[in-house]
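K.L.:
To be precise about what I am sending: the file is called upload_8.cif and holds mmCIF, C-alpha atoms and all ligand atoms.
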data_structure
#
loop_
_atom_site.label_atom_id
_atom_site.label_comp_id
_atom_site.auth_asym_id
_atom_site.auth_seq_id
_atom_site.Cartn_x
_atom_site.Cartn_y
_atom_site.Cartn_z
CA MET T 25 17.31 25.17 0.59
CA SER T 26 20.28 22.92 0.46
CA ASN T 27 21.62 21.17 -2.56
CA ASN T 28 19.29 18.37 -3.44
CA ASN T 29 21.26 17.11 -6.39
CA GLN T 30 23.55 15.18 -4.12
CA ILE T 31 22.68 12.31 -1.92
CA ASP T 32 22.04 14.08 1.32
CA SER T 33 23.16 11.72 4.02
CA SER T 34 21.09 13.49 6.64
CA HIS T 35 21.81 10.73 9.07
CA GLU T 36 25.47 11.60 9.04
CA GLN T 37 24.91 15.29 9.60
CA GLU T 38 24.74 17.19 12.82
CA GLY T 39 21.31 17.82 14.28
CA GLY T 40 18.19 15.75 14.26
CA VAL T 41 17.20 13.18 16.85
CA PRO T 42 18.62 9.66 17.18
CA PHE T 43 16.48 7.00 15.54
CA PHE T 44 16.68 4.98 18.74
CA PRO T 45 15.17 5.62 21.23
CA ASP T 46 13.73 9.09 20.41
CA HIS T 47 12.22 8.50 17.01
CA PHE T 48 11.54 4.84 17.64
CA LEU T 49 9.31 5.61 20.63
CA LYS T 50 7.17 8.01 18.64
CA GLU T 51 6.93 5.45 15.89
CA ALA T 52 5.93 2.79 18.45
CA ALA T 53 3.14 5.03 19.76
CA VAL T 54 1.75 5.51 16.26
CA MET T 55 1.94 1.78 15.60
CA ALA T 56 0.06 1.02 18.83
CA LEU T 57 -2.60 3.49 17.74
CA LEU T 58 -2.94 1.74 14.38
CA LEU T 59 -3.23 -1.69 15.99
CA ALA T 60 -5.87 -0.35 18.38
CA THR T 61 -7.80 1.22 15.50
CA VAL T 62 -8.00 -1.89 13.34
CA ALA T 63 -8.75 -4.13 16.33
CA PHE T 64 -11.53 -1.71 17.32
CA LEU T 65 -13.01 -1.67 13.81
CA ALA T 66 -12.76 -5.44 13.38
CA SER T 67 -14.45 -6.10 16.72
CA LEU T 68 -17.24 -3.56 16.53
CA MET T 69 -17.86 -3.59 12.79
CA PRO T 70 -17.06 -7.13 11.59
CA MET T 71 -17.10 -7.67 7.83
CA PRO T 72 -20.41 -9.13 6.65
CA VAL T 73 -20.27 -12.21 4.42
CA GLY T 74 -22.95 -10.98 2.03
CA GLU T 75 -25.14 -13.02 -0.28
CA PRO T 76 -23.50 -15.90 -2.16
CA ALA T 77 -22.57 -15.05 -5.76
CA ASP T 78 -25.33 -15.60 -8.29
CA ALA T 79 -24.54 -15.12 -11.98
CA LEU T 80 -28.23 -14.86 -12.83
CA LYS T 81 -29.25 -12.25 -10.30
CA THR T 82 -27.77 -8.83 -11.02
CA PRO T 83 -27.91 -6.88 -7.77
CA LEU T 84 -29.10 -3.27 -7.75
CA GLY T 85 -26.37 -0.65 -7.63
CA ILE T 86 -23.13 -2.58 -7.99
CA LYS T 87 -20.50 -0.50 -6.25
CA PRO T 88 -16.77 -1.08 -6.48
CA GLU T 89 -14.51 -0.47 -3.49
CA TRP T 90 -14.13 3.19 -2.56
CA TYR T 91 -10.67 3.50 -4.09
CA PHE T 92 -11.99 2.57 -7.54
CA MET T 93 -14.98 4.89 -7.23
CA THR T 94 -13.38 7.90 -8.95
CA VAL T 95 -12.50 5.96 -12.08
CA TYR T 96 -15.84 4.14 -12.03
CA GLN T 97 -17.78 7.41 -11.79
CA ILE T 98 -15.72 9.31 -14.37
CA LEU T 99 -16.25 6.47 -16.84
CA LYS T 100 -19.97 7.28 -16.72
CA TYR T 101 -19.29 10.70 -18.21
CA VAL T 102 -16.44 10.18 -20.67
CA PRO T 103 -16.31 7.66 -23.53
CA ARG T 104 -15.12 4.44 -22.01
CA ASN T 105 -12.18 3.80 -24.31
CA ILE T 106 -10.80 7.30 -23.71
CA GLY T 107 -11.20 7.05 -19.94
CA VAL T 108 -9.67 3.60 -19.80
CA THR T 109 -6.77 4.56 -22.04
CA PHE T 110 -6.01 7.49 -19.78
CA THR T 111 -6.34 5.51 -16.56
CA PHE T 112 -4.32 2.47 -17.53
CA LEU T 113 -1.99 3.55 -20.33
CA ILE T 114 -1.22 7.26 -19.90
CA PHE T 115 -1.51 8.00 -16.18
CA PRO T 116 0.77 5.21 -14.81
CA PRO T 117 3.83 5.87 -17.01
CA PHE T 118 3.43 9.59 -16.41
CA MET T 119 3.37 9.05 -12.65
CA MET T 120 6.39 6.77 -12.76
CA LEU T 121 8.55 8.91 -14.98
CA PHE T 122 7.90 12.61 -14.34
CA PRO T 123 10.63 12.95 -11.64
CA PHE T 124 13.24 12.00 -14.25
CA PHE T 125 12.33 15.21 -16.08
CA TYR T 126 12.43 17.36 -12.98
CA LYS T 127 15.58 19.27 -13.81
CA SER T 128 15.59 19.04 -17.58
CA VAL T 129 11.95 20.05 -18.12
CA ILE T 130 9.96 21.00 -15.02
CA CYS T 131 12.49 23.33 -13.42
CA LYS T 132 13.43 24.97 -16.69
CA TRP T 133 10.49 27.24 -15.96
CA LYS T 134 10.36 29.25 -12.76
CA TYR T 135 6.81 28.14 -11.93
CA GLY T 136 7.27 24.58 -13.18
CA ARG T 137 7.02 22.89 -9.82
CA LEU T 138 4.19 25.14 -8.65
CA THR T 139 2.28 24.21 -11.79
CA LEU T 140 2.94 20.50 -11.31
CA HIS T 141 1.80 20.63 -7.70
CA THR T 142 -1.30 22.64 -8.63
CA VAL T 143 -2.21 20.01 -11.21
CA GLY T 144 -1.68 17.37 -8.53
CA ALA T 145 -3.89 19.23 -6.06
CA LEU T 146 -6.61 19.63 -8.70
CA GLY T 147 -6.33 15.90 -9.36
CA VAL T 148 -6.92 15.13 -5.69
CA ILE T 149 -9.91 17.50 -5.55
CA THR T 150 -11.34 15.92 -8.72
CA ALA T 151 -10.94 12.42 -7.26
CA ILE T 152 -12.70 13.40 -4.04
CA PHE T 153 -15.43 15.18 -6.00
CA PHE T 154 -16.26 12.20 -8.23
CA THR T 155 -16.12 9.78 -5.31
CA MET T 156 -18.68 11.95 -3.53
CA LEU T 157 -20.87 12.08 -6.63
CA ALA T 158 -20.76 8.29 -6.78
CA TYR T 159 -21.79 7.88 -3.15
CA LEU T 160 -24.55 10.45 -3.55
CA GLY T 161 -25.90 8.27 -6.34
CA PHE T 162 -25.42 10.51 -9.39
CA GLU T 163 -25.60 8.60 -12.64
CA MET P 29 11.52 -12.46 40.37
CA ALA P 30 15.20 -13.12 40.05
CA GLY P 31 17.56 -11.70 42.65
CA ALA P 32 20.68 -9.71 41.92
CA GLU P 33 22.55 -12.88 41.13
CA GLY P 34 19.78 -14.06 38.78
CA ASN P 35 20.01 -10.79 36.90
CA GLY P 36 23.71 -11.30 36.61
CA ILE P 37 23.21 -14.71 35.04
CA MET P 38 20.63 -13.37 32.59
CA LYS P 39 22.90 -10.54 31.66
CA ARG P 40 25.86 -12.82 31.09
CA MET P 41 23.71 -15.13 29.03
CA TRP P 42 22.54 -12.31 26.79
CA THR P 43 26.06 -10.97 26.44
CA GLY P 44 27.12 -14.48 25.49
CA VAL P 45 24.46 -14.72 22.79
CA GLY P 46 25.41 -11.23 21.62
CA ASP P 47 29.09 -12.18 21.43
CA PHE P 48 28.27 -15.32 19.48
CA PHE P 49 26.52 -13.40 16.70
CA ASP P 50 28.93 -10.49 16.90
CA GLU P 51 31.94 -12.72 16.24
CA ARG P 52 30.22 -14.29 13.28
CA PHE P 53 28.29 -11.44 11.67
CA ASP P 54 29.61 -8.21 13.16
CA MET P 55 26.03 -7.70 14.40
CA ARG P 56 26.65 -4.96 16.93
CA ARG P 57 28.11 -2.61 14.34
CA VAL P 58 25.13 -3.13 12.02
CA ILE P 59 22.58 -2.66 14.81
CA LYS P 60 24.45 0.33 16.19
CA GLU P 61 24.59 1.99 12.81
CA PHE P 62 20.89 1.44 12.35
CA ALA P 63 19.85 2.52 15.83
CA GLU P 64 22.07 5.56 15.99
CA HIS P 65 21.42 7.24 12.68
CA ASN P 66 19.76 10.59 13.14
CA VAL P 67 16.31 11.48 11.95
CA PRO P 68 16.33 15.09 10.70
CA ASP P 69 14.51 17.74 12.71
CA HIS P 70 12.01 18.63 10.02
CA VAL P 71 10.44 15.17 10.20
CA ASN P 72 6.91 15.62 11.57
CA TRP P 73 3.78 13.47 11.83
CA LEU P 74 3.19 13.62 8.07
CA TYR P 75 6.18 11.31 7.72
CA CYS P 76 4.49 8.48 9.57
CA PHE P 77 2.29 7.22 6.74
CA GLY P 78 5.01 5.11 5.08
CA GLY P 79 5.69 3.26 8.31
CA ILE P 80 1.97 2.78 8.99
CA THR P 81 1.53 1.35 5.50
CA PHE P 82 4.29 -1.11 6.26
CA LEU P 83 2.71 -2.18 9.54
CA CYS P 84 -0.58 -2.68 7.67
CA PHE P 85 1.28 -4.96 5.28
CA LEU P 86 2.64 -7.01 8.18
CA ILE P 87 -0.87 -7.36 9.65
CA GLN P 88 -2.10 -8.53 6.24
CA LEU P 89 0.69 -11.08 6.07
CA VAL P 90 -0.20 -12.63 9.43
CA THR P 91 -4.00 -12.55 9.08
CA GLY P 92 -3.77 -13.63 5.43
CA ILE P 93 -1.73 -16.71 6.29
CA LEU P 94 -4.27 -17.62 8.98
CA LEU P 95 -7.15 -17.25 6.51
CA ALA P 96 -5.29 -19.37 3.96
CA PHE P 97 -5.35 -22.33 6.35
CA TYR P 98 -9.10 -22.70 5.79
CA TYR P 99 -10.02 -20.76 2.66
CA GLN P 100 -10.70 -22.82 -0.46
CA PRO P 101 -10.44 -21.15 -3.88
CA THR P 102 -13.17 -22.96 -5.81
CA MET P 103 -16.59 -21.78 -6.94
CA ASP P 104 -18.19 -24.51 -4.83
CA GLN P 105 -16.20 -24.01 -1.67
CA ALA P 106 -15.08 -20.37 -1.49
CA TYR P 107 -18.21 -18.88 0.04
CA SER P 108 -18.84 -21.79 2.39
CA SER P 109 -15.22 -21.85 3.52
CA ILE P 110 -15.59 -18.19 4.52
CA LEU P 111 -18.75 -19.11 6.44
CA HIS P 112 -16.81 -21.94 8.07
CA ILE P 113 -14.02 -19.54 9.10
CA MET P 114 -16.54 -17.09 10.54
CA ASP P 115 -18.86 -19.56 12.26
CA ASP P 116 -16.59 -22.34 13.47
CA MET P 117 -13.07 -21.05 13.85
CA PRO P 118 -11.86 -19.40 17.06
CA PHE P 119 -11.47 -15.67 16.35
CA GLY P 120 -12.54 -16.38 12.75
CA VAL P 121 -14.75 -13.30 12.50
CA PHE P 122 -12.10 -11.14 14.10
CA ILE P 123 -9.28 -12.31 11.85
CA ARG P 124 -11.24 -12.00 8.64
CA SER P 125 -12.51 -8.56 9.70
CA LEU P 126 -8.99 -7.48 10.62
CA HIS P 127 -7.79 -8.51 7.16
CA ALA P 128 -10.63 -6.68 5.43
CA TRP P 129 -10.37 -3.49 7.51
CA THR P 130 -6.60 -3.34 7.36
CA ALA P 131 -6.75 -3.73 3.58
CA ASN P 132 -8.78 -0.54 3.35
CA ILE P 133 -6.62 1.32 5.83
CA MET P 134 -3.47 0.25 4.00
CA ILE P 135 -4.77 1.74 0.77
CA LEU P 136 -5.77 4.95 2.53
CA MET P 137 -2.33 5.17 4.16
CA VAL P 138 -0.40 4.51 0.95
CA ILE P 139 -2.39 7.31 -0.70
CA LEU P 140 -1.58 9.69 2.16
CA HIS P 141 2.09 8.67 2.04
CA MET P 142 2.20 9.31 -1.68
CA LEU P 143 0.58 12.73 -1.28
CA ARG P 144 3.07 13.61 1.46
CA VAL P 145 5.98 12.66 -0.80
CA PHE P 146 4.46 14.46 -3.77
CA PHE P 147 3.73 17.78 -2.06
CA HIS P 148 7.13 17.79 -0.36
CA ALA P 149 8.59 17.16 -3.83
CA ALA P 150 10.61 14.33 -2.28
CA TYR P 151 10.48 12.68 -5.72
CA ARG P 152 13.05 15.13 -7.10
CA PRO P 153 16.54 13.92 -7.93
CA PRO P 154 18.24 11.86 -6.56
CA ARG P 155 15.07 10.06 -5.42
CA GLU P 156 13.45 9.41 -8.81
CA LEU P 157 14.00 5.68 -8.56
CA ASN P 158 12.47 5.50 -5.12
CA TRP P 159 9.42 7.38 -6.38
CA LEU P 160 9.20 4.92 -9.30
CA THR P 161 9.41 1.99 -6.87
CA GLY P 162 6.72 3.72 -4.83
CA VAL P 163 4.34 4.05 -7.76
CA LEU P 164 4.74 0.32 -8.39
CA LEU P 165 4.03 -0.31 -4.70
CA PHE P 166 0.89 1.78 -4.99
CA PHE P 167 -0.41 -0.23 -7.96
CA ILE P 168 0.46 -3.48 -6.20
CA THR P 169 -1.45 -2.40 -3.08
CA VAL P 170 -4.54 -1.56 -5.14
CA THR P 171 -4.25 -4.84 -7.07
CA PHE P 172 -4.15 -6.66 -3.73
CA GLY P 173 -7.52 -5.05 -3.05
CA PHE P 174 -8.98 -5.93 -6.44
CA SER P 175 -7.84 -9.56 -6.36
CA GLY P 176 -8.88 -10.06 -2.73
CA TYR P 177 -12.37 -8.70 -3.35
CA LEU P 178 -13.30 -11.71 -5.51
CA LEU P 179 -12.15 -14.38 -3.09
CA PRO P 180 -15.22 -14.62 -0.74
CA MET P 181 -17.41 -15.16 -3.83
CA ASN P 182 -20.37 -13.19 -2.62
CA GLN P 183 -22.60 -11.08 -4.84
CA LEU P 184 -20.35 -8.03 -4.46
CA SER P 185 -17.26 -10.07 -5.33
CA TYR P 186 -18.80 -11.56 -8.40
CA TRP P 187 -20.33 -8.44 -9.86
CA ALA P 188 -17.50 -6.07 -9.02
CA THR P 189 -15.05 -8.43 -10.73
CA LYS P 190 -17.35 -8.78 -13.72
CA VAL P 191 -17.59 -5.00 -14.10
CA GLY P 192 -13.85 -4.61 -13.49
CA SER P 193 -12.94 -7.13 -16.14
CA GLU P 194 -15.34 -5.51 -18.62
CA ILE P 195 -13.75 -2.14 -17.97
CA SER P 196 -10.28 -3.53 -18.60
CA ALA P 197 -11.57 -5.14 -21.81
CA SER P 198 -12.29 -1.72 -23.28
CA MET P 199 -8.60 -0.83 -23.28
CA PRO P 200 -7.45 -0.36 -26.87
CA PHE P 201 -5.52 -3.25 -28.47
CA ILE P 202 -4.59 -5.17 -25.33
CA GLY P 203 -7.97 -4.96 -23.57
CA PRO P 204 -9.46 -8.28 -24.68
CA SER P 205 -6.26 -10.17 -23.87
CA ILE P 206 -6.13 -8.58 -20.44
CA GLN P 207 -9.70 -9.64 -19.77
CA ALA P 208 -8.94 -13.18 -20.95
CA PHE P 209 -5.86 -13.25 -18.74
CA LEU P 210 -7.86 -12.06 -15.73
CA LEU P 211 -10.78 -14.44 -16.14
CA GLY P 212 -8.94 -17.46 -17.52
CA GLY P 213 -11.89 -18.02 -19.84
CA ALA P 214 -15.06 -16.39 -21.07
CA LYS P 215 -16.64 -15.87 -17.65
CA ILE P 216 -15.91 -15.97 -13.93
CA ALA P 217 -15.36 -19.61 -13.03
CA ASP P 218 -12.93 -21.85 -11.15
CA ALA P 219 -10.08 -20.76 -13.42
CA THR P 220 -10.73 -17.13 -12.46
CA LEU P 221 -10.77 -17.87 -8.79
CA THR P 222 -7.56 -19.92 -8.79
CA ARG P 223 -5.65 -17.28 -10.68
CA PHE P 224 -6.95 -14.44 -8.54
CA TYR P 225 -5.89 -16.51 -5.56
CA ALA P 226 -2.42 -17.16 -7.03
CA ILE P 227 -2.07 -13.44 -7.74
CA HIS P 228 -3.31 -12.48 -4.27
CA VAL P 229 -1.28 -14.89 -2.15
CA VAL P 230 1.85 -15.60 -4.21
CA ILE P 231 2.63 -13.16 -7.01
CA LEU P 232 1.77 -9.91 -5.23
CA PRO P 233 3.28 -10.80 -1.83
CA VAL P 234 6.57 -11.87 -3.43
CA THR P 235 6.70 -8.76 -5.62
CA ILE P 236 5.79 -6.35 -2.84
CA THR P 237 8.45 -7.88 -0.55
CA ILE P 238 11.18 -7.33 -3.14
CA LEU P 239 10.02 -3.77 -3.88
CA LEU P 240 9.70 -2.89 -0.19
CA GLY P 241 13.26 -4.11 0.32
CA LEU P 242 14.47 -1.80 -2.44
CA HIS P 243 12.30 1.06 -1.16
CA PHE P 244 13.72 0.89 2.37
CA LEU P 245 17.31 0.41 1.19
CA MET P 246 16.98 3.54 -0.93
CA VAL P 247 15.44 5.56 1.92
CA ARG P 248 18.32 4.54 4.19
CA LYS P 249 21.00 5.19 1.59
CA GLN P 250 19.65 8.54 0.47
CA GLY P 251 18.23 9.78 3.74
CA ILE P 252 15.00 11.74 4.11
CA ALA P 253 14.71 14.56 1.57
CA ASP P 254 15.36 18.12 2.66
CA PRO P 255 12.26 20.24 3.13
CA LEU P 256 11.24 22.52 0.28
C1 LIG T 301 3.44 -0.40 0.34
C2 LIG T 301 3.67 0.83 0.15
C3 LIG T 301 4.77 1.72 0.76
C4 LIG T 301 5.45 1.60 1.94
C5 LIG T 301 5.30 0.53 3.00
C6 LIG T 301 6.37 2.73 1.99
C7 LIG T 301 7.21 3.00 3.06
C8 LIG T 301 8.02 4.13 3.15
C9 LIG T 301 8.71 4.59 4.35
C10 LIG T 301 8.63 3.91 5.71
C11 LIG T 301 9.41 5.71 4.03
C12 LIG T 301 10.22 6.60 5.00
C13 LIG T 301 9.65 8.01 5.09
C14 LIG T 301 8.17 8.12 5.28
O1 LIG T 301 7.57 7.22 5.87
O2 LIG T 301 7.57 9.12 4.82
C15 LIG T 301 9.20 5.95 2.62
C16 LIG T 301 9.78 6.98 1.90
C17 LIG T 301 9.52 7.27 0.56
N1 LIG T 301 8.50 6.71 -0.20
FE1 LIG T 301 7.38 5.10 0.35
N2 LIG T 301 6.22 3.49 0.86
C18 LIG T 301 5.24 2.91 0.09
C19 LIG T 301 4.75 3.40 -1.11
C20 LIG T 301 5.21 4.54 -1.75
C21 LIG T 301 4.55 5.22 -2.83
C22 LIG T 301 3.20 4.81 -3.42
C23 LIG T 301 5.36 6.26 -3.20
C24 LIG T 301 5.17 7.28 -4.29
C25 LIG T 301 4.61 7.08 -5.42
C26 LIG T 301 6.52 6.24 -2.35
C27 LIG T 301 7.60 7.09 -2.45
C28 LIG T 301 8.52 7.33 -1.44
C29 LIG T 301 9.63 8.25 -1.52
C30 LIG T 301 10.03 9.11 -2.73
C31 LIG T 301 10.26 8.23 -0.26
C32 LIG T 301 11.43 9.10 0.20
C33 LIG T 301 10.80 10.27 0.91
C34 LIG T 301 11.77 11.28 1.47
O3 LIG T 301 12.98 11.12 1.26
O4 LIG T 301 11.28 12.24 2.10
N3 LIG T 301 6.38 5.20 -1.44
N4 LIG T 301 8.35 4.99 2.11
#
Transcribe the structure of this file into structure tokens.
P.N.:
Amino acid sequence: MSNNNQIDSSHEQEGGVPFFPDHFLKEAAVMALLLATVAFLASLMPMPVGEPADALKTPLGIKPEWYFMTVYQILKYVPRNIGVTFTFLIFPPFMMLFPFFYKSVICKWKYGRLTLHTVGALGVITAIFFTMLAYLGFE
Amino acid sequence: MAGAEGNGIMKRMWTGVGDFFDERFDMRRVIKEFAEHNVPDHVNWLYCFGGITFLCFLIQLVTGILLAFYYQPTMDQAYSSILHIMDDMPFGVFIRSLHAWTANIMILMVILHMLRVFFHAAYRPPRELNWLTGVLLFFITVTFGFSGYLLPMNQLSYWATKVGSEISASMPFIGPSIQAFLLGGAKIADATLTRFYAIHVVILPVTITILLGLHFLMVRKQGIADPL
């Protein structure tokens, strides 16, 4: 475990593979795969246009996009103002700022990082869980 | 098929063009430095998600500009302009579907990239600022999705935006102002559509371009983090 407190200019060190052509070719292969995937999806499963918007006709089962599903589902179980406060006012600044407290707070304790990463993993599992609940139609 | 002499001419021409830019901008040194930097050995396939996210963004840029040629952001015209794109334009269905699919894949990829960075603890000093830039990029990517969802003005668009704006309204203190800002009035109308469009095609693209520039500069300057 080398010293991470300095800028590690890995690209100036010995070892590793040259960006061009070695790494670049791998990258190009992945990019080709992505292009093929989206072209495949767009050709075989084109986006439907749906019904035109109608302010007077509430459709059954309004579903947000999948990436909002977790929040949408959790808000069914917790009081809305608490859930919304957490999602929009507490979570974002925490996410943005926790690395600034890495040395001064998190690593003060031997298991600090392990704890942080466990919390992160539990967060991911929770998100997947509530998304699944939403798609299974739990109210 | 050019003969040996033809190749020679091509080669000299390219060298000439190269010299021209080299004399003026010192191009070869810059390109050489970029092409020759080493990628550390511990880099594996988990490190590809950032680059894939970027390619998704480029696809969105191209397909989005094409859609913008025909899309019309008014309550009257939005839905029918989408129909027009899909029914009458060459490759209309394909381009709109590419934009919609790539939007979803981009969000998936940015999430995977973020998880990769998080579980490698690549956010730790000295990369705090790049993590911060990344979190902003994440929120921008999701906001792209939210603002784009309204634009076709179908039932899903309308009702998802209505629910979304109601959820944001229940934020303490600032909620009602946020809802008013989003809708541009009491309900979803032309004002809503034009501002979602402005957000989707001007504000977010400009912001994401600046942040991506910073993100990549920082990655290059600081190198890829050491493994845990
Ligand atoms: C539009 C979105 C984004 C794009 C296009 C992007 C692109 C990239 C690329 C190409 C790299 C090089 C290494 C790699 O690919 O893993 C990178 C590194 C990095 N990204 Fe992102 N990124 C985005 C969003 C984010 C987000 C959401 C975060 C975290 C919240 C983040 C944090 C980082 C950090 C800390 C590094 C340095 C990683 C290291 O040194 O190992 N980025 N990004």
K.L.:
Select, from P:Leu242, P:Val191, P:Leu83, P:Ile139, the residue with the minimum atom-to-atom distance to P:Lys215, counting all atoms listed in the file.
P.N.:
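Among the listed residues, the smallest separation from P:Lys215 belongs to P:Val191.
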K.L.:
Using all atoms listed in the file, which residues of chain P come within 6 Å of ligand LIG 301 (chain T), and what is the closest atom pair for each, with the distance in Å to one decimal? Give it as CSV, sorted by chain and residue number.
P.N.:
residue,atom,partner,partner_atom,distance
P:Tyr75,CA,T:LIG301,O2,3.9
P:Cys76,CA,T:LIG301,O1,5.0
P:Phe77,CA,T:LIG301,O1,5.4
P:Gly78,CA,T:LIG301,O1,3.4
P:Gly79,CA,T:LIG301,C10,4.0
P:Thr81,CA,T:LIG301,C5,4.6
P:Phe82,CA,T:LIG301,C5,3.8
P:Val138,CA,T:LIG301,C2,5.5
P:Met142,CA,T:LIG301,C24,4.4
P:Val145,CA,T:LIG301,C33,5.6
P:Ala150,CA,T:LIG301,O4,4.9
P:Tyr151,CA,T:LIG301,C30,4.7
P:Arg155,CA,T:LIG301,C30,5.8
P:Asn158,CA,T:LIG301,C30,5.0
P:Trp159,CA,T:LIG301,C30,4.1
P:Gly162,CA,T:LIG301,C23,3.3
P:Val163,CA,T:LIG301,C25,3.8
P:Leu165,CA,T:LIG301,C2,5.0
P:Phe166,CA,T:LIG301,C22,4.1
P:Val247,CA,T:LIG301,C32,5.6
P:Gly251,CA,T:LIG301,O3,6.0
P:Ile252,CA,T:LIG301,O3,3.5
P:Ala253,CA,T:LIG301,O3,3.9
K.L.:
Chain P near chain T within 7 Å: what's each residue's closest atom pair and its distance in Å to one decimal, counting only C-alpha atoms, ordered by chain then ascending residue number, as a Markdown table?
P.N.:
| residue | atom | partner | partner_atom | distance |
| --- | --- | --- | --- | --- |
| P:Ala63 | CA | T:Phe44 | CA | 5.0 |
| P:Glu64 | CA | T:Pro42 | CA | 5.5 |
| P:His65 | CA | T:His35 | CA | 5.0 |
| P:Asn66 | CA | T:Pro42 | CA | 4.3 |
| P:Val67 | CA | T:Gly40 | CA | 5.2 |
| P:Pro68 | CA | T:Gly40 | CA | 4.1 |
| P:Asp69 | CA | T:Gly40 | CA | 4.5 |
| P:Ile80 | CA | T:Met55 | CA | 6.7 |
| P:Tyr107 | CA | T:Pro76 | CA | 6.5 |
| P:Val121 | CA | T:Pro70 | CA | 6.7 |
| P:Phe122 | CA | T:Ala66 | CA | 5.8 |
| P:Ser125 | CA | T:Ala66 | CA | 4.8 |
| P:Leu126 | CA | T:Ala66 | CA | 5.1 |
| P:Ala128 | CA | T:Met71 | CA | 7.0 |
| P:Trp129 | CA | T:Val62 | CA | 6.5 |
| P:Thr130 | CA | T:Val62 | CA | 6.3 |
| P:Phe147 | CA | T:His141 | CA | 6.6 |
| P:Tyr151 | CA | T:Pro123 | CA | 5.9 |
| P:Arg152 | CA | T:Pro123 | CA | 5.6 |
| P:Pro153 | CA | T:Asn29 | CA | 5.9 |
| P:Pro154 | CA | T:Asn29 | CA | 6.1 |
| P:Glu156 | CA | T:Pro123 | CA | 5.3 |
| P:Leu160 | CA | T:Met120 | CA | 4.8 |
| P:Val163 | CA | T:Met120 | CA | 6.0 |
| P:Met181 | CA | T:Ala77 | CA | 5.5 |
| P:Asn182 | CA | T:Pro76 | CA | 4.2 |
| P:Gln183 | CA | T:Ala77 | CA | 4.1 |
| P:Tyr186 | CA | T:Ala77 | CA | 5.8 |
| P:Trp187 | CA | T:Ile86 | CA | 6.8 |
| P:Ala188 | CA | T:Pro88 | CA | 5.6 |
| P:Ser198 | CA | T:Asn105 | CA | 5.6 |
| P:Met199 | CA | T:Val108 | CA | 5.7 |
| P:Pro200 | CA | T:Asn105 | CA | 6.8 |
| P:Gln250 | CA | T:Ile31 | CA | 5.4 |
| P:Gly251 | CA | T:Ser33 | CA | 5.3 |
| P:Ile252 | CA | T:Ser34 | CA | 6.8 |
| P:Leu256 | CA | T:Met25 | CA | 6.6 |
K.L.:
For the selection you just gave me, I'd like the residues written to a file as a compact mmCIF listing (two decimals), keeping the file's coordinate frame, keeping C-alpha atoms.
P.N.:
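Ended up saving to again.txt:
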# COMPACT_ATOMS: atom_id res chain seq x y z
CA ALA P 63 19.85 2.52 15.83
CA GLU P 64 22.07 5.56 15.99
CA HIS P 65 21.42 7.24 12.68
CA ASN P 66 19.76 10.59 13.14
CA VAL P 67 16.31 11.48 11.95
CA PRO P 68 16.33 15.09 10.70
CA ASP P 69 14.51 17.74 12.71
CA ILE P 80 1.97 2.78 8.99
CA TYR P 107 -18.21 -18.88 0.04
CA VAL P 121 -14.75 -13.30 12.50
CA PHE P 122 -12.10 -11.14 14.10
CA SER P 125 -12.51 -8.56 9.70
CA LEU P 126 -8.99 -7.48 10.62
CA ALA P 128 -10.63 -6.68 5.43
CA TRP P 129 -10.37 -3.49 7.51
CA THR P 130 -6.60 -3.34 7.36
CA PHE P 147 3.73 17.78 -2.06
CA TYR P 151 10.48 12.68 -5.72
CA ARG P 152 13.05 15.13 -7.10
CA PRO P 153 16.54 13.92 -7.93
CA PRO P 154 18.24 11.86 -6.56
CA GLU P 156 13.45 9.41 -8.81
CA LEU P 160 9.20 4.92 -9.30
CA VAL P 163 4.34 4.05 -7.76
CA MET P 181 -17.41 -15.16 -3.83
CA ASN P 182 -20.37 -13.19 -2.62
CA GLN P 183 -22.60 -11.08 -4.84
CA TYR P 186 -18.80 -11.56 -8.40
CA TRP P 187 -20.33 -8.44 -9.86
CA ALA P 188 -17.50 -6.07 -9.02
CA SER P 198 -12.29 -1.72 -23.28
CA MET P 199 -8.60 -0.83 -23.28
CA PRO P 200 -7.45 -0.36 -26.87
CA GLN P 250 19.65 8.54 0.47
CA GLY P 251 18.23 9.78 3.74
CA ILE P 252 15.00 11.74 4.11
CA LEU P 256 11.24 22.52 0.28
K.L.:
Excluding T:Tyr159 and its own-chain neighbours fewer than 3 positions away, which residues fall within 10 Å of it when counting only C-alpha atoms? Please give them as a tab-separated table (two decimals) with C-alpha atoms, keeping the file's coordinate frame.
P.N.:
chain	number	residue	atom	x	y	z
T	87	LYS	CA	-20.50	-0.50	-6.25
T	90	TRP	CA	-14.13	3.19	-2.56
T	93	MET	CA	-14.98	4.89	-7.23
T	97	GLN	CA	-17.78	7.41	-11.79
T	154	PHE	CA	-16.26	12.20	-8.23
T	155	THR	CA	-16.12	9.78	-5.31
T	156	MET	CA	-18.68	11.95	-3.53
T	162	PHE	CA	-25.42	10.51	-9.39
K.L.:
Go ahead and compute the interatomic distance for atom CA of P:Ala219 and atom CA of P:Leu89, in Å to one decimal.
P.N.:
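Spanning atom CA of P:Ala219 to atom CA of P:Leu89 is a straight-line distance of 24.3 Å.
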K.L.:
What gap, in Å, lies between atom CA of P:Gly176 and atom CA of T:Gly85?
P.N.:
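These two atoms are separated by 20.5 Å.
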K.L.:
I need the residue nearest P:Thr91 from this list: P:Thr189, P:Val229, P:Ala217, P:Lys39. Use only C-alpha atoms for the distance.
P.N.:
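Result for the nearest residue to P:Thr91: P:Val229.
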K.L.:
Padding 4 Å on every side, please: axis-aligned box over the listed atoms of stretch 72-91 of chain T, centre and edge lengths to one decimal in Å, as JSON.
P.N.:
{"center_x": -20.0, "center_y": -6.2, "center_z": -3.1, "size_x": 26.6, "size_y": 27.4, "size_z": 27.5}
